>>> print(open('run39.cif').read())   # mmCIF, C-alpha atoms
data_protein
loop_
_atom_site.group_PDB
_atom_site.id
_atom_site.type_symbol
_atom_site.label_atom_id
_atom_site.label_comp_id
_atom_site.auth_asym_id
_atom_site.auth_seq_id
_atom_site.Cartn_x
_atom_site.Cartn_y
_atom_site.Cartn_z
ATOM 1 C CA MET A 141 -42.198 29.189 -34.435
ATOM 2 C CA LYS A 142 -44.977 27.048 -35.863
ATOM 3 C CA TRP A 143 -42.523 25.258 -38.098
ATOM 4 C CA LEU A 144 -40.618 24.124 -34.995
ATOM 5 C CA ASP A 145 -43.807 22.632 -33.547
ATOM 6 C CA ARG A 146 -44.467 20.851 -36.828
ATOM 7 C CA VAL A 147 -40.944 19.429 -37.020
ATOM 8 C CA ALA A 148 -41.083 18.258 -33.396
ATOM 9 C CA GLU A 149 -44.523 16.705 -33.824
ATOM 10 C CA SER A 150 -43.707 14.895 -37.045
ATOM 11 C CA SER A 151 -40.415 13.519 -35.745
ATOM 12 C CA ALA A 152 -42.076 12.376 -32.509
ATOM 13 C CA ARG A 153 -44.856 10.660 -34.457
ATOM 14 C CA ALA A 154 -42.343 9.068 -36.823
ATOM 15 C CA LEU A 155 -40.399 7.757 -33.844
ATOM 16 C CA ALA A 156 -43.615 6.431 -32.278
ATOM 17 C CA ARG A 157 -44.534 4.639 -35.539
ATOM 18 C CA ARG A 158 -41.081 3.058 -35.861
ATOM 19 C CA THR A 159 -40.564 1.924 -32.271
ATOM 20 C CA SER A 160 -42.685 0.418 -29.538
ATOM 21 C CA ARG A 161 -42.572 1.438 -25.880
ATOM 22 C CA ARG A 162 -41.327 -2.015 -25.011
ATOM 23 C CA HIS A 163 -38.544 -1.658 -27.539
ATOM 24 C CA VAL A 164 -37.366 1.530 -25.801
ATOM 25 C CA LEU A 165 -37.650 -0.078 -22.377
ATOM 26 C CA ALA A 166 -35.741 -3.140 -23.565
ATOM 27 C CA GLY A 167 -32.969 -0.958 -24.987
ATOM 28 C CA LEU A 168 -32.742 1.044 -21.797
ATOM 29 C CA ALA A 169 -32.700 -2.113 -19.707
ATOM 30 C CA SER A 170 -29.889 -3.674 -21.705
ATOM 31 C CA LEU A 171 -27.914 -0.429 -21.397
ATOM 32 C CA LEU A 172 -28.358 -0.430 -17.624
ATOM 33 C CA TRP A 173 -27.564 -4.135 -17.397
ATOM 34 C CA GLY A 174 -24.369 -3.633 -19.402
ATOM 35 C CA ALA A 175 -23.324 -0.695 -17.225
ATOM 36 C CA THR A 176 -23.670 -2.687 -14.024
ATOM 37 C CA GLY A 177 -21.363 -5.326 -15.460
ATOM 38 C CA VAL A 178 -18.480 -2.947 -16.017
ATOM 39 C CA PRO A 179 -17.347 -2.390 -12.399
ATOM 40 C CA LEU A 180 -18.151 -5.994 -11.543
ATOM 41 C CA LEU A 181 -15.596 -7.544 -13.848
ATOM 42 C CA PRO A 182 -13.535 -9.909 -11.705
ATOM 43 C CA VAL A 183 -10.329 -7.905 -11.752
ATOM 44 C CA ALA A 184 -8.709 -6.657 -8.560
ATOM 45 C CA ARG A 185 -7.541 -3.159 -9.330
ATOM 46 C CA GLY A 186 -5.435 -2.534 -6.280
ATOM 47 C CA ALA A 187 -5.277 -2.966 -2.589
ATOM 48 C CA GLY A 188 -7.585 -0.672 -0.646
ATOM 49 C CA THR A 189 -5.664 2.549 -0.757
ATOM 50 C CA THR A 190 -3.739 2.796 -3.954
ATOM 51 C CA PRO A 191 -0.327 4.285 -3.342
ATOM 52 C CA LYS A 192 0.594 7.397 -5.266
ATOM 53 C CA SER A 193 2.157 6.134 -8.436
ATOM 54 C CA ASP A 194 5.401 7.732 -9.455
ATOM 55 C CA ALA A 195 5.569 6.271 -12.938
ATOM 56 C CA PRO A 196 9.032 6.003 -14.487
ATOM 57 C CA SER A 197 9.627 7.619 -17.858
ATOM 58 C CA THR A 198 10.941 4.323 -19.208
ATOM 59 C CA ASP A 199 9.919 0.843 -18.140
ATOM 60 C CA PRO A 200 12.256 -1.462 -20.103
ATOM 61 C CA GLY A 201 12.031 -5.231 -20.365
ATOM 62 C CA ASP A 202 9.363 -7.898 -20.525
ATOM 63 C CA PRO A 203 7.013 -7.782 -17.500
ATOM 64 C CA SER A 204 6.435 -11.526 -17.776
ATOM 65 C CA SER A 205 10.143 -12.412 -17.510
ATOM 66 C CA CYS A 206 12.007 -12.999 -14.273
ATOM 67 C CA GLU A 207 14.761 -10.614 -15.439
ATOM 68 C CA TYR A 208 12.335 -7.660 -15.647
ATOM 69 C CA TRP A 209 13.812 -4.936 -13.403
ATOM 70 C CA ARG A 210 10.787 -4.643 -11.081
ATOM 71 C CA HIS A 211 11.189 -8.330 -10.150
ATOM 72 C CA CYS A 212 14.525 -7.783 -8.354
ATOM 73 C CA ALA A 213 13.079 -8.790 -4.971
ATOM 74 C CA ILE A 214 10.183 -11.057 -5.973
ATOM 75 C CA ASP A 215 9.572 -14.586 -4.723
ATOM 76 C CA GLY A 216 6.689 -16.265 -6.472
ATOM 77 C CA PHE A 217 4.767 -16.711 -9.702
ATOM 78 C CA ILE A 218 4.661 -13.635 -11.965
ATOM 79 C CA CYS A 219 1.061 -12.462 -12.371
ATOM 80 C CA GLY A 220 1.800 -11.366 -15.961
ATOM 81 C CA CYS A 221 2.052 -15.077 -16.843
ATOM 82 C CA CYS A 222 -1.123 -15.957 -14.964
ATOM 83 C CA GLY A 223 -3.763 -13.795 -16.630
ATOM 84 C CA GLY A 224 -2.940 -10.601 -14.726
ATOM 85 C CA SER A 225 -0.162 -8.054 -15.083
ATOM 86 C CA GLN A 226 2.606 -6.470 -13.022
ATOM 87 C CA SER A 227 -0.018 -4.250 -11.389
ATOM 88 C CA MET A 228 -3.305 -6.185 -11.646
ATOM 89 C CA CYS A 229 -4.467 -9.513 -10.300
ATOM 90 C CA PRO A 230 -5.830 -12.221 -12.629
ATOM 91 C CA PRO A 231 -9.622 -12.613 -12.728
ATOM 92 C CA GLY A 232 -10.959 -14.555 -9.767
ATOM 93 C CA THR A 233 -8.229 -13.483 -7.338
ATOM 94 C CA ASP A 234 -8.002 -10.707 -4.729
ATOM 95 C CA MET A 235 -4.987 -8.521 -4.101
ATOM 96 C CA SER A 236 -3.672 -8.759 -0.559
ATOM 97 C CA PRO A 237 -3.364 -5.231 0.845
ATOM 98 C CA ILE A 238 -0.683 -6.377 3.283
ATOM 99 C CA THR A 239 2.466 -7.012 1.372
ATOM 100 C CA TRP A 240 6.216 -7.270 1.040
ATOM 101 C CA ILE A 241 7.967 -4.143 -0.240
ATOM 102 C CA GLY A 242 11.466 -3.710 -1.649
ATOM 103 C CA THR A 243 13.452 -1.385 -3.893
ATOM 104 C CA CYS A 244 14.682 -2.043 -7.449
ATOM 105 C CA HIS A 245 16.952 -0.182 -9.860
ATOM 106 C CA ASN A 246 15.366 0.819 -13.174
ATOM 107 C CA PRO A 247 18.081 0.526 -15.835
ATOM 108 C CA GLY A 248 15.959 2.697 -18.166
ATOM 109 C CA ASP A 249 16.195 5.945 -16.214
ATOM 110 C CA GLY A 250 18.874 5.008 -13.667
ATOM 111 C CA HIS A 251 16.595 5.630 -10.642
ATOM 112 C CA ASP A 252 15.670 3.327 -7.774
ATOM 113 C CA TYR A 253 11.983 2.656 -7.147
ATOM 114 C CA VAL A 254 10.009 1.319 -4.197
ATOM 115 C CA ILE A 255 8.208 -1.809 -5.431
ATOM 116 C CA SER A 256 5.227 -3.424 -3.713
ATOM 117 C CA TYR A 257 4.895 -7.165 -4.377
ATOM 118 C CA ASN A 258 1.211 -7.521 -3.527
ATOM 119 C CA ASP A 259 0.161 -11.153 -3.720
ATOM 120 C CA CYS A 260 -2.963 -12.186 -5.586
ATOM 121 C CA CYS A 261 -4.951 -14.672 -3.552
ATOM 122 C CA GLY A 262 -7.981 -16.904 -3.834
ATOM 123 C CA LYS A 263 -6.979 -19.558 -6.383
ATOM 124 C CA SER A 264 -4.460 -22.377 -6.216
ATOM 125 C CA PRO A 265 -0.844 -21.460 -7.094
ATOM 126 C CA CYS A 266 -0.521 -20.341 -10.713
ATOM 127 C CA GLY A 267 2.551 -22.504 -11.349
ATOM 128 C CA ARG A 268 3.869 -20.461 -14.288
ATOM 129 C CA CYS A 269 6.948 -18.182 -14.412
ATOM 130 C CA PHE A 270 8.323 -18.867 -10.942
ATOM 131 C CA CYS A 271 10.845 -16.179 -10.073
ATOM 132 C CA ASN A 272 12.937 -15.915 -6.905
ATOM 133 C CA ARG A 273 15.489 -13.094 -6.971
ATOM 134 C CA ASN A 274 15.473 -11.936 -3.349
ATOM 135 C CA GLU A 275 17.437 -8.663 -3.544
ATOM 136 C CA GLY A 276 17.204 -7.094 -0.085
ATOM 137 C CA ASP A 277 15.294 -10.052 1.318
ATOM 138 C CA SER A 278 16.170 -10.979 4.889
ATOM 139 C CA SER A 279 15.631 -14.037 7.001
ATOM 140 C CA LEU A 280 12.325 -15.036 8.516
ATOM 141 C CA PHE A 281 13.292 -13.527 11.881
ATOM 142 C CA GLN A 282 12.618 -10.102 10.356
ATOM 143 C CA PRO A 283 9.071 -10.748 9.176
ATOM 144 C CA GLY A 284 8.522 -7.370 7.542
ATOM 145 C CA LYS A 285 11.651 -7.767 5.436
ATOM 146 C CA SER A 286 11.179 -11.358 4.332
ATOM 147 C CA ASN A 287 9.509 -12.344 1.097
ATOM 148 C CA ASP A 288 9.305 -16.008 2.120
ATOM 149 C CA TYR A 289 5.995 -15.449 3.867
ATOM 150 C CA ASN A 290 2.684 -16.165 2.232
ATOM 151 C CA TRP A 291 1.352 -12.619 2.346
ATOM 152 C CA CYS A 292 -2.126 -13.891 1.483
ATOM 153 C CA SER A 293 -2.485 -14.832 5.141
ATOM 154 C CA GLY A 294 -2.788 -11.109 5.889
ATOM 155 C CA ASN A 295 -5.701 -10.759 3.509
ATOM 156 C CA ALA A 296 -9.165 -9.898 4.818
ATOM 157 C CA LYS A 297 -10.221 -13.337 3.592
ATOM 158 C CA ALA A 298 -7.705 -15.019 5.844
ATOM 159 C CA ASN A 299 -5.472 -17.839 4.672
ATOM 160 C CA ILE A 300 -6.874 -18.062 1.196
ATOM 161 C CA PRO A 301 -4.457 -19.702 -1.220
ATOM 162 C CA TYR A 302 -1.591 -17.840 -2.909
ATOM 163 C CA HIS A 303 -1.865 -17.533 -6.705
ATOM 164 C CA CYS A 304 0.782 -15.086 -7.988
ATOM 165 C CA SER A 305 2.674 -11.864 -7.210
ATOM 166 C CA THR A 306 2.438 -8.392 -8.752
ATOM 167 C CA ALA A 307 5.232 -5.788 -8.808
ATOM 168 C CA ARG A 308 3.645 -2.364 -8.387
ATOM 169 C CA ILE A 309 5.570 0.897 -8.268
ATOM 170 C CA VAL A 310 4.962 2.837 -5.040
ATOM 171 C CA GLY A 311 7.318 5.726 -5.720
ATOM 172 C CA THR A 312 10.883 6.787 -6.331
ATOM 173 C CA ALA A 313 13.378 5.670 -3.671
ATOM 174 C CA LYS A 314 15.372 8.790 -2.826
ATOM 175 C CA MET B 100 11.941 19.849 8.733
ATOM 176 C CA PHE B 101 14.567 19.770 6.025
ATOM 177 C CA ALA B 102 16.781 22.052 8.094
ATOM 178 C CA ALA B 103 16.381 19.646 11.000
ATOM 179 C CA LEU B 104 17.278 16.703 8.773
ATOM 180 C CA ALA B 105 20.294 18.541 7.433
ATOM 181 C CA ALA B 106 21.407 19.232 11.013
ATOM 182 C CA LEU B 107 21.037 15.525 11.813
ATOM 183 C CA GLY B 108 22.998 14.740 8.697
ATOM 184 C CA ILE B 109 25.933 16.730 9.975
ATOM 185 C CA ALA B 110 25.857 15.079 13.388
ATOM 186 C CA SER B 111 25.541 11.518 12.072
ATOM 187 C CA PRO B 112 25.910 9.481 8.887
ATOM 188 C CA ALA B 113 23.699 10.881 6.129
ATOM 189 C CA LEU B 114 20.169 9.483 5.961
ATOM 190 C CA ALA B 115 20.028 6.923 3.173
ATOM 191 C CA TYR B 116 16.426 7.634 2.231
ATOM 192 C CA GLN B 117 13.917 10.357 2.956
ATOM 193 C CA PRO B 118 11.458 9.456 5.749
ATOM 194 C CA ILE B 119 8.597 8.909 3.280
ATOM 195 C CA VAL B 120 10.621 6.252 1.442
ATOM 196 C CA ASN B 121 11.607 4.571 4.713
ATOM 197 C CA PHE B 122 7.909 4.504 5.570
ATOM 198 C CA GLN B 123 7.118 2.896 2.211
ATOM 199 C CA VAL B 124 9.863 0.298 2.513
ATOM 200 C CA HIS B 125 9.621 -0.578 6.216
ATOM 201 C CA CYS B 126 6.063 0.215 7.384
ATOM 202 C CA MET B 127 3.621 0.514 4.519
ATOM 203 C CA GLY B 128 3.598 -3.184 3.662
ATOM 204 C CA CYS B 129 1.433 -3.779 6.751
ATOM 205 C CA HIS B 130 0.176 -0.346 7.885
ATOM 206 C CA LEU B 131 -0.805 0.580 4.279
ATOM 207 C CA GLY B 132 0.018 3.824 2.493
ATOM 208 C CA ASP B 133 -2.242 5.994 4.657
ATOM 209 C CA GLY B 134 -1.359 4.279 7.962
ATOM 210 C CA SER B 135 -4.877 2.907 8.410
ATOM 211 C CA GLY B 136 -3.719 -0.734 8.797
ATOM 212 C CA GLN B 137 -6.199 -3.608 8.798
ATOM 213 C CA PRO B 138 -8.833 -3.959 11.523
ATOM 214 C CA GLY B 139 -8.026 -6.855 13.841
ATOM 215 C CA ARG B 140 -4.597 -7.467 12.329
ATOM 216 C CA VAL B 141 -2.599 -4.285 11.903
ATOM 217 C CA PRO B 142 -3.377 -1.289 14.127
ATOM 218 C CA SER B 143 -4.140 2.074 12.550
ATOM 219 C CA VAL B 144 -1.820 4.951 13.386
ATOM 220 C CA ARG B 145 -4.193 7.625 12.146
ATOM 221 C CA ARG B 146 -5.730 8.539 15.497
ATOM 222 C CA SER B 147 -3.403 6.816 17.943
ATOM 223 C CA LEU B 148 0.059 8.095 17.003
ATOM 224 C CA VAL B 149 -0.525 11.758 17.868
ATOM 225 C CA ARG B 150 -2.253 10.849 21.140
ATOM 226 C CA LEU B 151 0.495 8.423 22.152
ATOM 227 C CA SER B 152 3.175 10.943 21.180
ATOM 228 C CA SER B 153 1.830 13.528 23.614
ATOM 229 C CA PHE B 154 2.834 11.765 26.873
ATOM 230 C CA ALA B 155 5.999 10.012 28.078
ATOM 231 C CA GLU B 156 4.649 6.442 28.438
ATOM 232 C CA GLY B 157 2.949 6.689 25.049
ATOM 233 C CA ARG B 158 6.144 7.837 23.355
ATOM 234 C CA GLU B 159 8.051 4.984 24.941
ATOM 235 C CA TYR B 160 5.384 2.553 23.704
ATOM 236 C CA VAL B 161 5.653 3.886 20.128
ATOM 237 C CA ILE B 162 9.414 3.324 20.124
ATOM 238 C CA ARG B 163 9.079 -0.162 21.667
ATOM 239 C CA VAL B 164 6.477 -1.652 19.288
ATOM 240 C CA PRO B 165 8.196 -4.458 17.348
ATOM 241 C CA GLY B 166 8.099 -2.767 13.936
ATOM 242 C CA VAL B 167 9.840 0.345 15.256
ATOM 243 C CA ALA B 168 12.214 -1.182 17.815
ATOM 244 C CA GLN B 169 13.423 -3.986 15.525
ATOM 245 C CA SER B 170 13.556 -2.136 12.216
ATOM 246 C CA PRO B 171 16.935 -2.115 10.466
ATOM 247 C CA LEU B 172 16.879 1.720 10.474
ATOM 248 C CA SER B 173 19.307 3.737 12.582
ATOM 249 C CA ASP B 174 18.085 5.731 15.584
ATOM 250 C CA GLU B 175 18.318 8.944 13.515
ATOM 251 C CA GLU B 176 16.350 7.474 10.616
ATOM 252 C CA THR B 177 13.754 6.025 12.989
ATOM 253 C CA ALA B 178 13.228 9.385 14.742
ATOM 254 C CA ALA B 179 12.869 11.207 11.400
ATOM 255 C CA LEU B 180 10.422 8.525 10.209
ATOM 256 C CA LEU B 181 8.250 8.806 13.348
ATOM 257 C CA ASN B 182 8.184 12.607 13.020
ATOM 258 C CA TRP B 183 7.138 12.295 9.391
ATOM 259 C CA MET B 184 4.346 9.867 10.375
ATOM 260 C CA VAL B 185 3.074 12.167 13.147
ATOM 261 C CA ARG B 186 2.793 15.049 10.678
ATOM 262 C CA ASN B 187 1.527 13.211 7.624
ATOM 263 C CA LEU B 188 -0.563 10.212 8.664
ATOM 264 C CA SER B 189 -2.801 11.619 11.354
ATOM 265 C CA ASP B 190 -6.472 12.492 11.386
ATOM 266 C CA LEU B 191 -5.860 14.594 14.503
ATOM 267 C CA GLU B 192 -4.223 17.994 14.818
ATOM 268 C CA VAL B 193 -0.749 17.797 16.312
ATOM 269 C CA PRO B 194 -0.952 19.751 19.612
ATOM 270 C CA ALA B 195 1.594 22.543 19.921
ATOM 271 C CA GLY B 196 3.331 20.927 22.907
ATOM 272 C CA VAL B 197 4.198 17.638 21.155
ATOM 273 C CA ALA B 198 7.961 17.488 20.718
ATOM 274 C CA ASP B 199 9.721 15.786 17.826
ATOM 275 C CA TYR B 200 11.169 12.344 18.485
ATOM 276 C CA SER B 201 14.954 12.512 18.778
ATOM 277 C CA ALA B 202 17.575 9.895 17.975
ATOM 278 C CA ALA B 203 18.592 9.835 21.653
ATOM 279 C CA GLU B 204 14.987 9.192 22.694
ATOM 280 C CA VAL B 205 14.710 6.303 20.224
ATOM 281 C CA ALA B 206 18.023 4.862 21.428
ATOM 282 C CA ARG B 207 16.855 4.977 25.068
ATOM 283 C CA SER B 208 13.868 2.657 24.538
ATOM 284 C CA ARG B 209 14.256 0.601 21.381
ATOM 285 C CA HIS B 210 16.525 -2.011 22.973
ATOM 286 C CA ARG B 211 13.506 -3.188 25.015
ATOM 287 C CA PRO B 212 11.014 -4.244 22.311
ATOM 288 C CA LEU B 213 7.519 -5.118 23.500
ATOM 289 C CA ALA B 214 6.481 -8.767 23.436
ATOM 290 C CA GLN B 215 2.825 -8.104 24.352
ATOM 291 C CA VAL B 216 1.612 -5.063 22.463
ATOM 292 C CA LYS B 217 -2.191 -5.121 22.447
ATOM 293 C CA ALA B 218 -2.909 -4.894 26.185
ATOM 294 C CA LEU B 219 -0.523 -1.993 26.762
ATOM 295 C CA ARG B 220 -1.879 -0.167 23.714
ATOM 296 C CA ALA B 221 -5.447 -0.473 24.965
ATOM 297 C CA GLN B 222 -4.406 0.676 28.432
ATOM 298 C CA LEU B 223 -2.525 3.731 27.136
ATOM 299 C CA LEU B 224 -5.338 4.737 24.787
ATOM 300 C CA LYS B 225 -7.932 4.167 27.525
ATOM 301 C CA GLY B 226 -10.391 2.135 25.507
ATOM 302 C CA ASP B 227 -10.398 4.304 22.368
ATOM 303 C CA ALA B 228 -8.140 1.913 20.513
ATOM 304 C CA GLN B 229 -8.548 3.618 17.149
#
>>> encode(input="run39.cif", output="structure tokens")
Amino acid sequence: MKWLDRVAESSARALARRTSRRHVLAGLASLLWGATGVPLLPVARGAGTTPKSDAPSTDPGDPSSCEYWRHCAIDGFICGCCGGSQSMCPPGTDMSPITWIGTCHNPGDGHDYVISYNDCCGKSPCGRCFCNRNEGDSSLFQPGKSNDYNWCSGNAKANIPYHCSTARIVGTAK
Amino acid sequence: MFAALAALGIASPALAYQPIVNFQVHCMGCHLGDGSGQPGRVPSVRRSLVRLSSFAEGREYVIRVPGVAQSPLSDEETAALLNWMVRNLSDLEVPAGVADYSAAEVARSRHRPLAQVKALRAQLLKGDAQ
């Protein structure tokens, strides 16, 4: 086993000649620094408890268009046009956990889905891709069934401004 | 459960959605998917619903809270939804003596929705308002 000792010793010495201790520490530090940045990216990934996703087999259409099937009951700016997506808030905004929920028909697989229109809050209104389709929306006297409310007012950071709306799938409506 | 729902289905118009979907569409927007709500704004059902469901005044309260009493669901759908919530959204064991909510029970109380909810809730739960 002497050869193993020799190999280990020579490679360790070679490594010591090539690199300084500070170099190793600096590398390690930059690795750690980079790792801390990953979960801190300013993207809201979902509201508190993420509902069980019941992903459809087909998801036809353009998520940034008002005609996209998941937008059947939306009232607001589409987050896909504002730096986010149909399920994620744009950087710098928070997703309101309290939200307006409706059902939409997916023309791809012929099933109805429960859609949660969580608002993204914390920046002034996005102003792009306004969409107001209102299927199943009722008047303001039924607060839980009306999409006319600013659902950002139910956010933990109360009354912060509305930016845009997502359209997340909660499950199949059956 | 499914047998009970099927029996209800015979006695009344068929339920449009399963209770879990009615929960998602009519309750989850505020109470969240696990029923935990938002402290100070939306009460949690996770510890309170089973306790309230185990005595008459508590059951009446559950049916009279605005979200239940004024929901667009039928009495049958509302009873099935409450029974689903008791079984699926509670941190507490359901005691053996707790009966299912029935459509007739919902019909008896829902026409008198509560205007002031918080004080009665605190009184019924005797301080442990979780």
>>> interface_residues(input="run39.cif", of="chain B", to="chain A", cutoff="6 Å", atoms="all atoms listed in the file", output="list in words")
Tyr116, Val120, Val124, Gly128, Cys129 and Gly132 of chain B
>>> closest_residue(input="run39.cif", among="B:Leu188, B:Ala168, B:Ala179, B:Val216", to="Ser135 (chain B)", atoms="all atoms listed in the file")
B:Leu188
>>> atom_distance(input="run39.cif", atom1="CA of Asp190 (chain B)", atom2="CA of Arg145 (chain B)")
5.4 Å
>>> closest_residue(input="run39.cif", among="B:Val197, B:Val167, B:Leu151, B:Val185", to="Leu219 (chain B)", atoms="only C-alpha atoms")
B:Leu151
>>> resolve_selection(input="run39.cif", expression="the PyMOL selection byres ((chain A and resi 228) around 12)", output="VMD selection string")
chain A and resid 182 to 187 190 203 218 to 227 229 to 236 256 to 261 304 to 309
